[in-house]
Structure formats: structure tokens, C-alpha cells
>>> print(open('coords.txt').read())   # compact mmCIF, C-alpha atoms
# COMPACT_ATOMS: atom_id res chain seq x y z
CA MET T 118 0.00 0.00 0.00
CA ILE T 119 1.36 3.42 -1.02
CA SER T 120 0.60 5.87 1.78
CA LYS T 121 -0.32 9.33 0.52
CA LYS T 122 0.90 10.77 3.82
CA ASN T 123 4.48 9.58 3.45
CA ARG T 124 6.63 12.54 2.42
CA VAL T 125 9.38 10.40 0.91
CA TYR T 126 7.30 9.91 -2.26
CA HIS T 127 6.93 13.64 -2.67
CA ARG T 128 10.67 14.07 -2.20
CA LEU T 129 11.32 11.62 -5.02
CA PHE T 130 8.68 13.30 -7.18
CA SER T 131 10.27 16.72 -6.57
CA HIS T 132 13.69 15.33 -7.45
CA PHE T 133 12.30 14.16 -10.78
CA GLN T 134 10.44 17.41 -11.34
CA GLN T 135 13.43 19.66 -10.66
CA GLN T 136 15.66 17.97 -13.23
CA ARG T 137 16.86 20.46 -15.84
CA TYR T 138 18.45 19.69 -19.21
CA THR T 139 18.45 20.81 -22.83
CA LEU T 140 18.67 18.96 -26.13
CA SER T 141 20.73 19.71 -29.22
CA ASP T 142 19.29 19.71 -32.71
CA PHE T 143 18.51 16.26 -34.12
CA GLU T 144 20.38 14.57 -36.95
CA ILE T 145 18.37 12.08 -39.00
CA GLU T 146 19.76 9.29 -41.19
CA LYS T 147 18.03 6.53 -43.13
CA PHE T 148 19.71 3.32 -44.29
CA THR T 149 19.36 -0.45 -44.28
CA ASN T 150 21.02 -2.74 -41.78
CA GLU T 151 20.50 -5.96 -39.84
CA TYR T 152 19.25 -5.82 -36.25
CA PRO T 153 22.25 -6.75 -34.06
CA ASP T 154 22.38 -10.04 -32.23
CA ASN T 155 22.43 -9.87 -28.42
CA TYR T 156 22.83 -12.52 -25.80
CA LEU T 157 19.41 -12.33 -24.10
CA MET T 158 17.31 -12.27 -27.25
CA ASP T 159 15.30 -15.45 -27.80
CA PRO T 160 16.20 -17.11 -31.16
CA SER T 161 12.59 -16.94 -32.35
CA LEU T 162 12.53 -13.18 -31.78
CA ARG T 163 15.94 -12.80 -33.38
CA LYS T 164 14.67 -14.55 -36.50
CA LYS T 165 11.72 -12.14 -36.75
CA ALA T 166 13.90 -9.10 -36.08
CA LEU T 167 16.10 -9.94 -39.07
CA LYS T 168 13.17 -8.96 -41.33
CA TYR T 169 13.31 -5.40 -39.95
CA THR T 170 16.09 -3.93 -42.06
CA ARG T 171 14.88 -0.38 -42.68
CA VAL T 172 16.65 1.90 -40.17
CA LEU T 173 15.76 5.40 -39.07
CA LYS T 174 18.62 6.79 -36.97
CA CYS T 175 18.08 9.85 -34.80
CA SER T 176 21.12 11.35 -33.04
CA TRP T 177 21.20 14.17 -30.51
CA VAL T 178 22.95 15.40 -27.36
CA ILE T 179 21.46 15.74 -23.87
CA HIS T 180 23.00 18.60 -21.89
CA GLY T 181 22.41 18.22 -18.16
CA ASP T 182 25.03 18.30 -15.45
CA HIS T 183 26.95 16.16 -17.93
CA THR T 184 26.73 15.56 -21.66
CA VAL T 185 25.30 12.38 -23.14
CA LYS T 186 25.38 11.76 -26.88
CA CYS T 187 22.60 9.43 -27.95
CA SER T 188 21.84 7.61 -31.19
CA PHE T 189 18.43 5.94 -31.44
CA LEU T 190 18.08 3.38 -34.24
CA MET T 191 14.50 2.43 -35.09
CA TYR T 192 14.23 -0.79 -37.15
CA SER T 193 11.24 -1.32 -39.45
CA ARG T 194 10.07 -3.49 -42.33
CA ASN T 195 8.61 -1.84 -45.45
CA LYS T 196 7.34 1.20 -43.56
CA ILE T 197 8.17 3.00 -40.32
CA GLU T 198 6.58 0.97 -37.51
CA LEU T 199 5.89 3.86 -35.12
CA ASN T 200 4.22 7.19 -35.75
CA GLU T 201 5.77 10.59 -35.09
CA LYS T 202 4.17 11.00 -31.63
CA GLN T 203 5.49 7.63 -30.55
CA MET T 204 9.00 8.35 -31.77
CA LYS T 205 9.03 11.73 -30.03
CA THR T 206 7.84 10.07 -26.80
CA LEU T 207 10.63 7.50 -26.89
CA ILE T 208 13.24 10.19 -27.51
CA ASP T 209 11.77 12.39 -24.76
CA ALA T 210 11.74 9.52 -22.23
CA VAL T 211 15.32 8.51 -23.06
CA SER T 212 16.50 12.12 -22.81
CA PHE T 213 14.87 12.51 -19.41
CA ILE T 214 16.55 9.54 -17.77
CA LEU T 215 19.93 10.09 -19.45
CA SER T 216 19.98 13.63 -18.06
CA PHE T 217 20.72 12.03 -14.67
CA SER T 218 24.10 10.77 -15.89
CA LEU T 219 27.03 11.42 -13.57
CA LYS T 220 29.56 11.62 -16.41
CA ASN T 221 29.89 12.41 -20.10
CA GLN T 222 28.88 9.38 -22.15
CA HIS T 223 27.75 8.09 -25.54
CA LEU T 224 24.85 5.65 -25.95
CA VAL T 225 23.50 3.74 -28.95
CA ILE T 226 19.97 2.29 -28.74
CA HIS T 227 18.68 -0.39 -31.11
CA PHE T 228 14.88 -0.74 -31.06
CA VAL T 229 12.78 -3.18 -33.07
CA PRO T 230 9.10 -3.10 -32.03
CA LEU T 231 8.18 -6.77 -32.36
CA LYS T 232 4.55 -7.37 -31.45
CA ASP T 233 5.28 -10.64 -29.59
CA LYS T 234 3.90 -10.33 -26.07
CA LYS T 235 5.16 -12.03 -22.94
CA TYR T 236 2.90 -14.91 -21.94
CA ILE T 237 3.17 -17.58 -19.29
CA SER T 238 4.29 -21.04 -20.45
CA LYS T 239 5.51 -24.35 -19.08
CA ASN T 240 8.99 -22.87 -18.68
CA LEU T 241 10.03 -19.29 -18.01
CA SER T 242 12.91 -18.09 -20.16
CA ASN T 243 14.16 -15.03 -22.01
CA GLY T 244 11.46 -15.73 -24.60
CA ASN T 245 8.62 -14.80 -22.24
CA VAL T 246 10.37 -12.67 -19.61
CA ASN T 247 13.02 -10.47 -21.28
CA SER T 248 12.42 -7.59 -23.70
CA GLY T 249 15.85 -5.98 -23.82
CA SER T 250 19.49 -6.08 -22.85
CA SER T 251 22.51 -3.82 -22.67
CA HIS T 252 26.23 -4.23 -23.26
CA HIS T 253 28.73 -1.44 -22.63
CA ASN T 254 27.32 1.61 -24.48
CA GLU T 255 24.70 -0.22 -26.55
CA ILE T 256 21.10 -1.01 -25.63
CA TYR T 257 18.82 -3.48 -27.39
CA VAL T 258 15.03 -3.34 -27.01
CA TYR T 259 13.00 -5.76 -29.12
CA ARG T 260 9.35 -5.69 -28.07
CA TYR T 261 6.65 -3.08 -28.53
CA GLU T 262 5.03 -4.28 -25.29
CA GLU T 263 6.33 -2.27 -22.29
CA CYS T 264 8.96 -0.61 -24.50
CA LEU T 265 9.03 2.63 -22.45
CA LYS T 266 9.62 0.85 -19.15
CA VAL T 267 12.19 -1.46 -20.76
CA LEU T 268 14.05 1.56 -22.14
CA PHE T 269 14.17 3.01 -18.63
CA HIS T 270 15.46 -0.32 -17.29
CA GLU T 271 18.23 -0.64 -19.87
CA CYS T 272 19.22 3.03 -19.55
CA ILE T 273 19.60 2.49 -15.80
CA HIS T 274 21.99 -0.37 -16.53
CA PHE T 275 23.92 1.91 -18.87
CA LEU T 276 24.05 4.72 -16.30
CA GLY T 277 25.21 2.29 -13.62
CA PHE T 278 22.77 2.96 -10.77
CA SER T 279 23.99 -0.29 -9.21
CA HIS T 280 26.69 -2.87 -9.78
CA ARG T 281 26.37 -4.75 -13.06
CA SER T 282 25.94 -8.00 -11.13
CA PHE T 283 25.04 -8.15 -7.47
CA PHE T 284 25.13 -11.65 -6.02
CA SER T 285 25.36 -12.43 -2.32
CA LYS T 286 25.27 -15.97 -0.98
CA ASP T 287 23.92 -14.75 2.37
CA LEU T 288 21.08 -12.85 0.68
CA VAL T 289 20.28 -15.74 -1.66
CA ASP T 290 20.15 -18.23 1.22
CA TYR T 291 18.00 -15.82 3.20
CA TYR T 292 15.44 -15.42 0.39
CA ILE T 293 15.40 -19.11 -0.42
CA ASP T 294 14.36 -19.72 3.17
CA LYS T 295 12.05 -16.69 3.36
CA TYR T 296 9.93 -17.66 0.34
CA HIS T 297 10.81 -21.37 -0.01
CA LEU T 298 12.40 -20.73 -3.38
CA ASN T 299 13.50 -23.40 -5.81
CA VAL T 300 16.46 -21.40 -7.17
CA GLN T 301 20.25 -21.37 -7.12
CA SER T 302 21.04 -17.66 -7.41
CA ILE T 303 19.46 -14.19 -7.45
CA ASN T 304 20.94 -11.13 -9.16
CA PHE T 305 19.84 -8.30 -6.85
CA ASN T 306 21.15 -5.70 -9.29
CA GLU T 307 18.23 -6.58 -11.57
CA ALA T 308 15.71 -5.88 -8.79
CA TYR T 309 17.43 -2.60 -7.91
CA THR T 310 17.36 -1.63 -11.58
CA GLU T 311 13.76 -2.72 -12.11
CA ILE T 312 12.30 -0.87 -9.12
CA PHE T 313 13.83 2.39 -10.34
CA ALA T 314 12.68 1.66 -13.91
CA ARG T 315 9.13 1.47 -12.59
CA LEU T 316 9.53 4.63 -10.50
CA PHE T 317 10.79 6.54 -13.54
CA PHE T 318 7.95 5.02 -15.57
CA CYS T 319 5.31 6.13 -13.05
CA TYR T 320 6.70 9.64 -12.94
CA TYR T 321 6.87 9.87 -16.72
CA LEU T 322 3.24 8.75 -17.06
CA SER T 323 2.10 11.15 -14.33
CA ASN T 324 2.53 14.22 -16.54
CA GLN T 325 4.05 15.92 -13.48
CA SER T 326 0.88 15.46 -11.41
CA TYR T 327 1.70 14.30 -7.88
CA PRO T 328 -1.76 12.76 -7.21
CA ARG T 329 -1.48 10.82 -10.47
CA PHE T 330 2.06 9.76 -9.56
CA LEU T 331 0.78 8.28 -6.29
CA HIS T 332 -2.09 6.59 -8.11
CA LEU T 333 0.32 5.04 -10.60
CA LEU T 334 2.61 3.85 -7.80
CA GLU T 335 -0.34 2.15 -6.12
CA THR T 336 -1.51 0.61 -9.41
CA GLU T 337 1.94 -0.74 -10.20
CA TYR T 338 2.44 -2.02 -6.66
CA GLN T 339 -0.83 -3.96 -6.77
CA PHE T 340 0.05 -5.48 -10.13
CA SER T 341 3.57 -6.36 -8.97
CA HIS T 342 2.02 -8.06 -5.94
CA TYR T 343 -0.15 -10.20 -8.20
CA GLN T 344 2.75 -11.09 -10.52
CA ALA T 345 5.05 -11.94 -7.60
CA ASN T 346 2.47 -14.30 -6.16
CA LYS T 347 2.10 -15.92 -9.57
CA ILE T 348 5.86 -16.52 -9.63
CA LEU T 349 5.69 -18.07 -6.15
CA VAL T 350 3.05 -20.50 -7.42
CA LEU T 351 5.14 -21.40 -10.46
CA ASN T 352 8.17 -21.76 -8.19
CA GLN T 353 6.53 -24.82 -6.67
CA ILE T 354 6.72 -26.73 -9.97
CA MET T 355 9.82 -25.36 -11.70
CA ASP T 356 13.07 -23.45 -11.25
CA VAL T 357 11.70 -20.10 -12.44
CA ASN T 358 15.21 -18.63 -12.33
CA GLN T 359 16.94 -21.25 -14.43
CA ASN T 360 17.08 -19.24 -17.66
CA THR T 361 16.69 -15.61 -16.59
CA ASN T 362 16.42 -13.35 -13.53
CA THR T 363 12.74 -14.02 -12.84
CA ILE T 364 12.93 -13.87 -9.03
CA ALA T 365 14.70 -10.51 -9.11
CA TYR T 366 12.36 -8.98 -11.74
CA TYR T 367 9.11 -10.04 -10.10
CA LEU T 368 9.54 -11.10 -6.47
CA ILE T 369 12.39 -8.99 -5.09
CA THR T 370 11.16 -5.92 -6.97
CA CYS T 371 7.70 -6.46 -5.49
CA GLU T 372 9.18 -6.69 -2.00
CA LEU T 373 10.95 -3.36 -2.56
CA PHE T 374 7.61 -1.93 -3.71
CA HIS T 375 5.96 -3.44 -0.63
CA ASN T 376 8.48 -1.55 1.52
CA LEU T 377 8.95 1.40 -0.82
CA HIS T 378 9.14 4.10 1.86
CA ILE T 379 11.97 2.23 3.60
CA PHE T 380 13.82 1.70 0.34
CA LEU T 381 13.51 5.36 -0.67
CA ASP T 382 14.56 6.58 2.78
CA PHE T 383 17.68 4.45 2.36
CA CYS T 384 18.37 5.81 -1.13
CA ILE T 385 17.93 9.43 -0.07
CA GLU T 386 20.21 9.02 2.94
CA HIS T 387 22.97 6.83 1.52
CA ASN T 388 23.03 7.04 -2.29
CA GLN T 389 24.57 9.54 -4.66
CA ASP T 390 21.84 11.67 -6.28
CA ILE T 391 19.26 9.26 -4.74
CA PHE T 392 19.67 6.69 -7.54
CA TYR T 393 23.31 5.61 -7.50
CA LEU T 394 24.06 2.87 -4.97
CA LYS T 395 27.19 3.72 -2.98
CA HIS T 396 27.24 1.10 -0.23
CA ARG T 397 26.32 -2.46 -1.18
CA SER T 398 26.79 -3.65 2.41
CA LEU T 399 24.33 -1.03 3.70
CA PHE T 400 21.83 -2.03 1.01
CA GLN T 401 22.11 -5.64 2.15
CA LYS T 402 21.59 -4.54 5.74
CA MET T 403 18.49 -2.58 4.70
CA ILE T 404 16.89 -5.31 2.59
CA LEU T 405 17.27 -8.22 5.03
CA PRO T 406 14.56 -7.14 7.53
CA LEU T 407 12.03 -5.96 4.93
CA LYS T 408 8.50 -7.21 5.45
CA LYS T 409 7.56 -10.29 3.47
CA ILE T 410 4.93 -9.76 0.80
CA THR T 411 1.51 -11.15 1.65
CA ARG T 412 0.31 -14.28 -0.13
CA LYS T 413 -2.52 -13.95 -2.62
CA LYS T 414 -4.66 -16.60 -4.26
CA ILE T 415 -3.81 -17.06 -7.92
CA LEU T 416 -6.33 -18.60 -10.32
CA LYS T 417 -5.88 -19.41 -14.01
CA SER T 418 -9.25 -17.78 -14.68
CA GLN T 419 -8.05 -14.35 -13.50
CA ALA T 420 -7.74 -11.59 -16.10
CA ASN T 421 -3.96 -11.10 -15.86
CA TYR T 422 -2.95 -14.71 -15.28
CA SER T 423 -1.54 -15.28 -18.77
CA THR T 424 0.65 -12.17 -19.01
CA MET T 425 4.26 -11.93 -17.92
CA ARG T 426 4.31 -8.12 -18.12
CA MET T 427 6.13 -6.33 -15.31
CA THR T 428 3.94 -3.21 -15.51
CA ILE T 429 0.21 -2.74 -16.09
CA SER T 430 0.02 1.01 -16.89
CA HIS T 431 0.13 2.36 -20.44
CA HIS T 432 1.29 5.56 -22.07
CA PRO T 433 -1.54 7.03 -24.21
CA PHE T 434 0.63 6.75 -27.34
CA PHE T 435 1.52 3.12 -26.59
CA PRO T 436 -1.78 1.25 -26.02
>>> encode(input="coords.txt", output="C-alpha cells")
Amino acid sequence: MISKKNRVYHRLFSHFQQQRYTLSDFEIEKFTNEYPDNYLMDPSLRKKALKYTRVLKCSWVIHGDHTVKCSFLMYSRNKIELNEKQMKTLIDAVSFILSFSLKNQHLVIHFVPLKDKKYISKNLSNGNVNSGSSHHNEIYVYRYEECLKVLFHECIHFLGFSHRSFFSKDLVDYYIDKYHLNVQSINFNEAYTEIFARLFFCYYLSNQSYPRFLHLLETEYQFSHYQANKILVLNQIMDVNQNTNTIAYYLITCELFHNLHIFLDFCIEHNQDIFYLKHRSLFQKMILPLKKITRKKILKSQANYSTMRMTISHHPFFP
């Protein structure tokens, strides 16, 4: 439950709202090229992406406290897949989050808007959980579904809010016991990244309205609670973490949402610019006593049972 009385949410909202940056003029190029291969992309999606060879490249510079050069490559088939409003929204969202960079950088984003949605199946893998990846200064996003939130997630990896990989045997053992998990490892960096991706996403959708921001936080928390409980049910019959970071994306992120005021208090007190984790040991100390999420009955007949989305809210230009 997101308490409207807790001032920490307003402090985060104000931090978002006070961000100032400018953009350079845009440079546009058109050419043909193959969508790059990347290690998390399911082979079936990779095969489809290879048909998207028409490239619209938009390059610009974000001037905030530091300078970030960005090139956004939009891959299409015979015609441009997204309309002008959608393209401008993607560029605007990327510019917003990259303005929080702590150093001068250069980023290349490859986006192919495949219409394949993430659905539950007998096994959870990158084919029905992952929608993007990042490597050094390149980001790959390959689904239309949740593309804004996924862009935030991958940009956070690029910016380095947390360590690239964050494994702790003590934390893993603790969570295995806490939720009776059938897993071998948990990458806590993915949960840290995902919770901030959703916070950025909620702010971006709020149109700078604090009441709407709170409403979106509550909506996303409730959905994350449902999805986390679904994962706990599936955990009883399979290793949900065998092929991707399912536990971090759904369960640990939900627990951070469940204790969001505690998490944000920690970030405000101990992090650099709120977002950048400075003390892994203090984070581990903070997360260990967090309240366990409550169990919820999951039925196959429920409306959202089949989806493996991580967010439920939509931008008006991305229905």
C-alpha cells in the first residue's frame, strides 16, 4: 500500500520534477542494416527481427550536469513501424533519464518493435520474460510491449545505478528460506534496476501530477504483488530462475515496492543523487529485515494470469 501521507514519495517526485536539461538539434539518417544479435534475445525473436532492415537513426545530445550523446536506431520493415508521436515520446523519455548521468557518455539504442507479447508457459525463459538487454554503451530493445519501461530499465543499466551483477550468498540463502524458493542464485542488481525503472515510468506517465504519480505507484504495486504471487506458485513446480532473472524482476522488486518508503529513505540518505548505490553492504543490511509480501490466491481464470508483463500502466501513445 502506497501511503499518501508519506513525504518520501513527494521528495522523489520533486527530485524528478526539478531535473533540468536541454537537447541539441537532431540529426536524421536513413539506411538499411541488420538488427544486431544480443545474448538475451530469444532465437525466435531474433529470426523475426532480421526482417526489420529499414533503419531510421536519430542522433542528438542531452546537456544536463553532464553531456550524453545518444543515437536511437529504429528498425522497421517496409514502412516505419511507429508514428511521429510515438517516436518523439521514446526520444523524450530517453532524454529525461539520461539527463541524470554522472559523467559524459555516448549511448546507442537499437529498437525493433516486435509485437510478440510475454505470456506464461511451461517454462520461463528469455522468450517470455526479457524484452531488452545492454552491453557497454549499446542497448537493445525488441518488443513493442512495455517498451518505455524497458528503455528506462536498460538506460539504468547503462548509467550504472547499481553494480552490473550483485550476487550475495547470504542474501540468496536468506530469500530461499524466506519464500521457499527453488532457485540457485538471485541477481539483486536486476531488482534494484527494475524498481527504479518502474519509479521513472510512473513519474513519466504522471505528466508531473503528484496525485497521479501516487495513483500510478499504487496501481503498479498492486500489479507487482499479483505477478510476484504468480511466480511463487510457479516456483513450486519449476526453477523459475533457471534461464533468466525471474525472481529478481518479479519477487524482489515487489518486496521493494511493498516496503517502498523504507527503500527510498535508504536511497535518499545513503546514495549519490538518490539513484546511484554507494554502499552495497548497507543495502544488504536494509533489505534483510524488509517485510515479506503477503500471499494472494492465484487462479488461471483471473484476467492477468496469462501475461508476464512487469507493468500494467500504459502511455496514451503506446496502447
>>> residues_around(input="coords.txt", residues="stretch 387-401 of chain T", least_positions_apart="4", cutoff="7 Å", atoms="all atoms listed in the file", output="count of residues only")
4
>>> atom_distance(input="coords.txt", atom1="atom CA of T:Tyr126", atom2="atom CA of T:Ser323")
13.2 Å
>>> closest_residue(input="coords.txt", among="T:Thr363, T:Ser188, T:Ser131, T:Thr206", to="T:Glu144", atoms="all atoms listed in the file")
T:Ser188
>>> residues_around(input="coords.txt", residues="T:Ser218", least_positions_apart="4", cutoff="10 Å", atoms="all atoms listed in the file", output="ChimeraX atom specification")
/T:179-185,214,222,272-273,275-278,390,393
>>> atom_distance(input="coords.txt", atom1="atom CA of T:Tyr169", atom2="atom CA of T:Val225")
17.6 Å
>>> decode(input="coords.txt", residues="stretch 187-200 of chain T", atoms="all heavy atoms", output="PDB file, in the first residue's frame")
ATOM      1  N   CYS T 187      23.471  10.583 -27.782  1.00  0.00           N
ATOM      2  CA  CYS T 187      22.596   9.429 -27.951  1.00  0.00           C
ATOM      3  C   CYS T 187      22.242   9.230 -29.415  1.00  0.00           C
ATOM      4  O   CYS T 187      21.928  10.193 -30.124  1.00  0.00           O
ATOM      5  CB  CYS T 187      21.320   9.604 -27.123  1.00  0.00           C
ATOM      6  SG  CYS T 187      20.274   8.137 -27.114  1.00  0.00           S
ATOM      7  N   SER T 188      22.295   7.993 -29.857  1.00  0.00           N
ATOM      8  CA  SER T 188      21.835   7.613 -31.193  1.00  0.00           C
ATOM      9  C   SER T 188      20.760   6.550 -31.030  1.00  0.00           C
ATOM     10  O   SER T 188      21.002   5.504 -30.425  1.00  0.00           O
ATOM     11  CB  SER T 188      22.987   7.057 -32.039  1.00  0.00           C
ATOM     12  OG  SER T 188      23.955   8.055 -32.282  1.00  0.00           O
ATOM     13  N   PHE T 189      19.567   6.845 -31.559  1.00  0.00           N
ATOM     14  CA  PHE T 189      18.430   5.940 -31.439  1.00  0.00           C
ATOM     15  C   PHE T 189      18.133   5.364 -32.819  1.00  0.00           C
ATOM     16  O   PHE T 189      17.770   6.097 -33.740  1.00  0.00           O
ATOM     17  CB  PHE T 189      17.210   6.692 -30.897  1.00  0.00           C
ATOM     18  CG  PHE T 189      16.080   5.815 -30.459  1.00  0.00           C
ATOM     19  CD1 PHE T 189      15.821   5.616 -29.115  1.00  0.00           C
ATOM     20  CD2 PHE T 189      15.253   5.191 -31.386  1.00  0.00           C
ATOM     21  CE1 PHE T 189      14.775   4.803 -28.703  1.00  0.00           C
ATOM     22  CE2 PHE T 189      14.220   4.373 -30.988  1.00  0.00           C
ATOM     23  CZ  PHE T 189      13.972   4.175 -29.634  1.00  0.00           C
ATOM     24  N   LEU T 190      18.295   4.042 -32.962  1.00  0.00           N
ATOM     25  CA  LEU T 190      18.080   3.379 -34.239  1.00  0.00           C
ATOM     26  C   LEU T 190      16.768   2.614 -34.197  1.00  0.00           C
ATOM     27  O   LEU T 190      16.612   1.670 -33.421  1.00  0.00           O
ATOM     28  CB  LEU T 190      19.226   2.418 -34.569  1.00  0.00           C
ATOM     29  CG  LEU T 190      20.522   3.036 -35.088  1.00  0.00           C
ATOM     30  CD1 LEU T 190      21.258   3.794 -33.966  1.00  0.00           C
ATOM     31  CD2 LEU T 190      21.443   1.969 -35.665  1.00  0.00           C
ATOM     32  N   MET T 191      15.822   3.044 -35.005  1.00  0.00           N
ATOM     33  CA  MET T 191      14.505   2.431 -35.092  1.00  0.00           C
ATOM     34  C   MET T 191      14.459   1.509 -36.309  1.00  0.00           C
ATOM     35  O   MET T 191      14.672   1.955 -37.442  1.00  0.00           O
ATOM     36  CB  MET T 191      13.453   3.535 -35.208  1.00  0.00           C
ATOM     37  CG  MET T 191      12.084   3.052 -35.587  1.00  0.00           C
ATOM     38  SD  MET T 191      11.279   2.214 -34.234  1.00  0.00           S
ATOM     39  CE  MET T 191       9.905   1.498 -35.136  1.00  0.00           C
ATOM     40  N   TYR T 192      14.226   0.206 -36.073  1.00  0.00           N
ATOM     41  CA  TYR T 192      14.232  -0.795 -37.146  1.00  0.00           C
ATOM     42  C   TYR T 192      12.798  -1.101 -37.588  1.00  0.00           C
ATOM     43  O   TYR T 192      11.918  -1.336 -36.754  1.00  0.00           O
ATOM     44  CB  TYR T 192      14.910  -2.082 -36.677  1.00  0.00           C
ATOM     45  CG  TYR T 192      16.394  -1.933 -36.430  1.00  0.00           C
ATOM     46  CD1 TYR T 192      16.867  -1.282 -35.290  1.00  0.00           C
ATOM     47  CD2 TYR T 192      17.324  -2.424 -37.337  1.00  0.00           C
ATOM     48  CE1 TYR T 192      18.231  -1.135 -35.062  1.00  0.00           C
ATOM     49  CE2 TYR T 192      18.700  -2.284 -37.119  1.00  0.00           C
ATOM     50  CZ  TYR T 192      19.132  -1.641 -35.975  1.00  0.00           C
ATOM     51  OH  TYR T 192      20.481  -1.499 -35.754  1.00  0.00           O
ATOM     52  N   SER T 193      12.574  -1.086 -38.903  1.00  0.00           N
ATOM     53  CA  SER T 193      11.240  -1.316 -39.450  1.00  0.00           C
ATOM     54  C   SER T 193      11.318  -2.284 -40.630  1.00  0.00           C
ATOM     55  O   SER T 193      12.403  -2.650 -41.091  1.00  0.00           O
ATOM     56  CB  SER T 193      10.620   0.002 -39.924  1.00  0.00           C
ATOM     57  OG  SER T 193      10.556   0.938 -38.869  1.00  0.00           O
ATOM     58  N   ARG T 194      10.132  -2.670 -41.119  1.00  0.00           N
ATOM     59  CA  ARG T 194      10.066  -3.495 -42.333  1.00  0.00           C
ATOM     60  C   ARG T 194       9.895  -2.569 -43.539  1.00  0.00           C
ATOM     61  O   ARG T 194      10.784  -1.785 -43.837  1.00  0.00           O
ATOM     62  CB  ARG T 194       8.918  -4.494 -42.198  1.00  0.00           C
ATOM     63  CG  ARG T 194       9.217  -5.604 -41.175  1.00  0.00           C
ATOM     64  CD  ARG T 194       8.006  -6.427 -40.848  1.00  0.00           C
ATOM     65  NE  ARG T 194       7.009  -5.645 -40.107  1.00  0.00           N
ATOM     66  CZ  ARG T 194       5.923  -6.157 -39.559  1.00  0.00           C
ATOM     67  NH1 ARG T 194       5.687  -7.452 -39.651  1.00  0.00           N
ATOM     68  NH2 ARG T 194       5.073  -5.387 -38.908  1.00  0.00           N
ATOM     69  N   ASN T 195       8.786  -2.651 -44.241  1.00  0.00           N
ATOM     70  CA  ASN T 195       8.607  -1.843 -45.448  1.00  0.00           C
ATOM     71  C   ASN T 195       8.211  -0.403 -45.149  1.00  0.00           C
ATOM     72  O   ASN T 195       8.330   0.469 -45.991  1.00  0.00           O
ATOM     73  CB  ASN T 195       7.549  -2.487 -46.353  1.00  0.00           C
ATOM     74  CG  ASN T 195       8.000  -3.834 -46.861  1.00  0.00           C
ATOM     75  OD1 ASN T 195       9.185  -4.025 -47.099  1.00  0.00           O
ATOM     76  ND2 ASN T 195       7.071  -4.753 -47.022  1.00  0.00           N
ATOM     77  N   LYS T 196       7.713  -0.157 -43.951  1.00  0.00           N
ATOM     78  CA  LYS T 196       7.338   1.196 -43.560  1.00  0.00           C
ATOM     79  C   LYS T 196       7.738   1.420 -42.102  1.00  0.00           C
ATOM     80  O   LYS T 196       7.976   0.468 -41.363  1.00  0.00           O
ATOM     81  CB  LYS T 196       5.832   1.409 -43.730  1.00  0.00           C
ATOM     82  CG  LYS T 196       4.991   0.487 -42.859  1.00  0.00           C
ATOM     83  CD  LYS T 196       3.505   0.782 -43.035  1.00  0.00           C
ATOM     84  CE  LYS T 196       2.676  -0.127 -42.108  1.00  0.00           C
ATOM     85  NZ  LYS T 196       1.220   0.156 -42.213  1.00  0.00           N
ATOM     86  N   ILE T 197       7.818   2.678 -41.703  1.00  0.00           N
ATOM     87  CA  ILE T 197       8.169   2.998 -40.322  1.00  0.00           C
ATOM     88  C   ILE T 197       7.104   2.437 -39.389  1.00  0.00           C
ATOM     89  O   ILE T 197       5.907   2.670 -39.577  1.00  0.00           O
ATOM     90  CB  ILE T 197       8.305   4.524 -40.126  1.00  0.00           C
ATOM     91  CG1 ILE T 197       9.380   5.072 -41.063  1.00  0.00           C
ATOM     92  CG2 ILE T 197       8.632   4.846 -38.680  1.00  0.00           C
ATOM     93  CD1 ILE T 197      10.753   4.508 -40.845  1.00  0.00           C
ATOM     94  N   GLU T 198       7.517   1.686 -38.375  1.00  0.00           N
ATOM     95  CA  GLU T 198       6.582   0.966 -37.512  1.00  0.00           C
ATOM     96  C   GLU T 198       5.848   1.882 -36.539  1.00  0.00           C
ATOM     97  O   GLU T 198       4.714   1.599 -36.149  1.00  0.00           O
ATOM     98  CB  GLU T 198       7.335  -0.116 -36.717  1.00  0.00           C
ATOM     99  CG  GLU T 198       8.062  -1.133 -37.583  1.00  0.00           C
ATOM    100  CD  GLU T 198       7.119  -2.049 -38.326  1.00  0.00           C
ATOM    101  OE1 GLU T 198       6.055  -2.380 -37.791  1.00  0.00           O
ATOM    102  OE2 GLU T 198       7.451  -2.426 -39.472  1.00  0.00           O
ATOM    103  N   LEU T 199       6.493   2.964 -36.108  1.00  0.00           N
ATOM    104  CA  LEU T 199       5.888   3.859 -35.124  1.00  0.00           C
ATOM    105  C   LEU T 199       5.573   5.203 -35.759  1.00  0.00           C
ATOM    106  O   LEU T 199       6.260   5.645 -36.681  1.00  0.00           O
ATOM    107  CB  LEU T 199       6.822   4.060 -33.929  1.00  0.00           C
ATOM    108  CG  LEU T 199       7.250   2.815 -33.161  1.00  0.00           C
ATOM    109  CD1 LEU T 199       8.085   3.201 -31.949  1.00  0.00           C
ATOM    110  CD2 LEU T 199       6.060   1.974 -32.729  1.00  0.00           C
ATOM    111  N   ASN T 200       4.549   5.864 -35.222  1.00  0.00           N
ATOM    112  CA  ASN T 200       4.217   7.187 -35.751  1.00  0.00           C
ATOM    113  C   ASN T 200       5.080   8.259 -35.093  1.00  0.00           C
ATOM    114  O   ASN T 200       5.868   7.983 -34.173  1.00  0.00           O
ATOM    115  CB  ASN T 200       2.723   7.484 -35.574  1.00  0.00           C
ATOM    116  CG  ASN T 200       2.290   7.482 -34.116  1.00  0.00           C
ATOM    117  OD1 ASN T 200       2.974   8.030 -33.258  1.00  0.00           O
ATOM    118  ND2 ASN T 200       1.142   6.883 -33.832  1.00  0.00           N
TER     119      ASN T 200
END
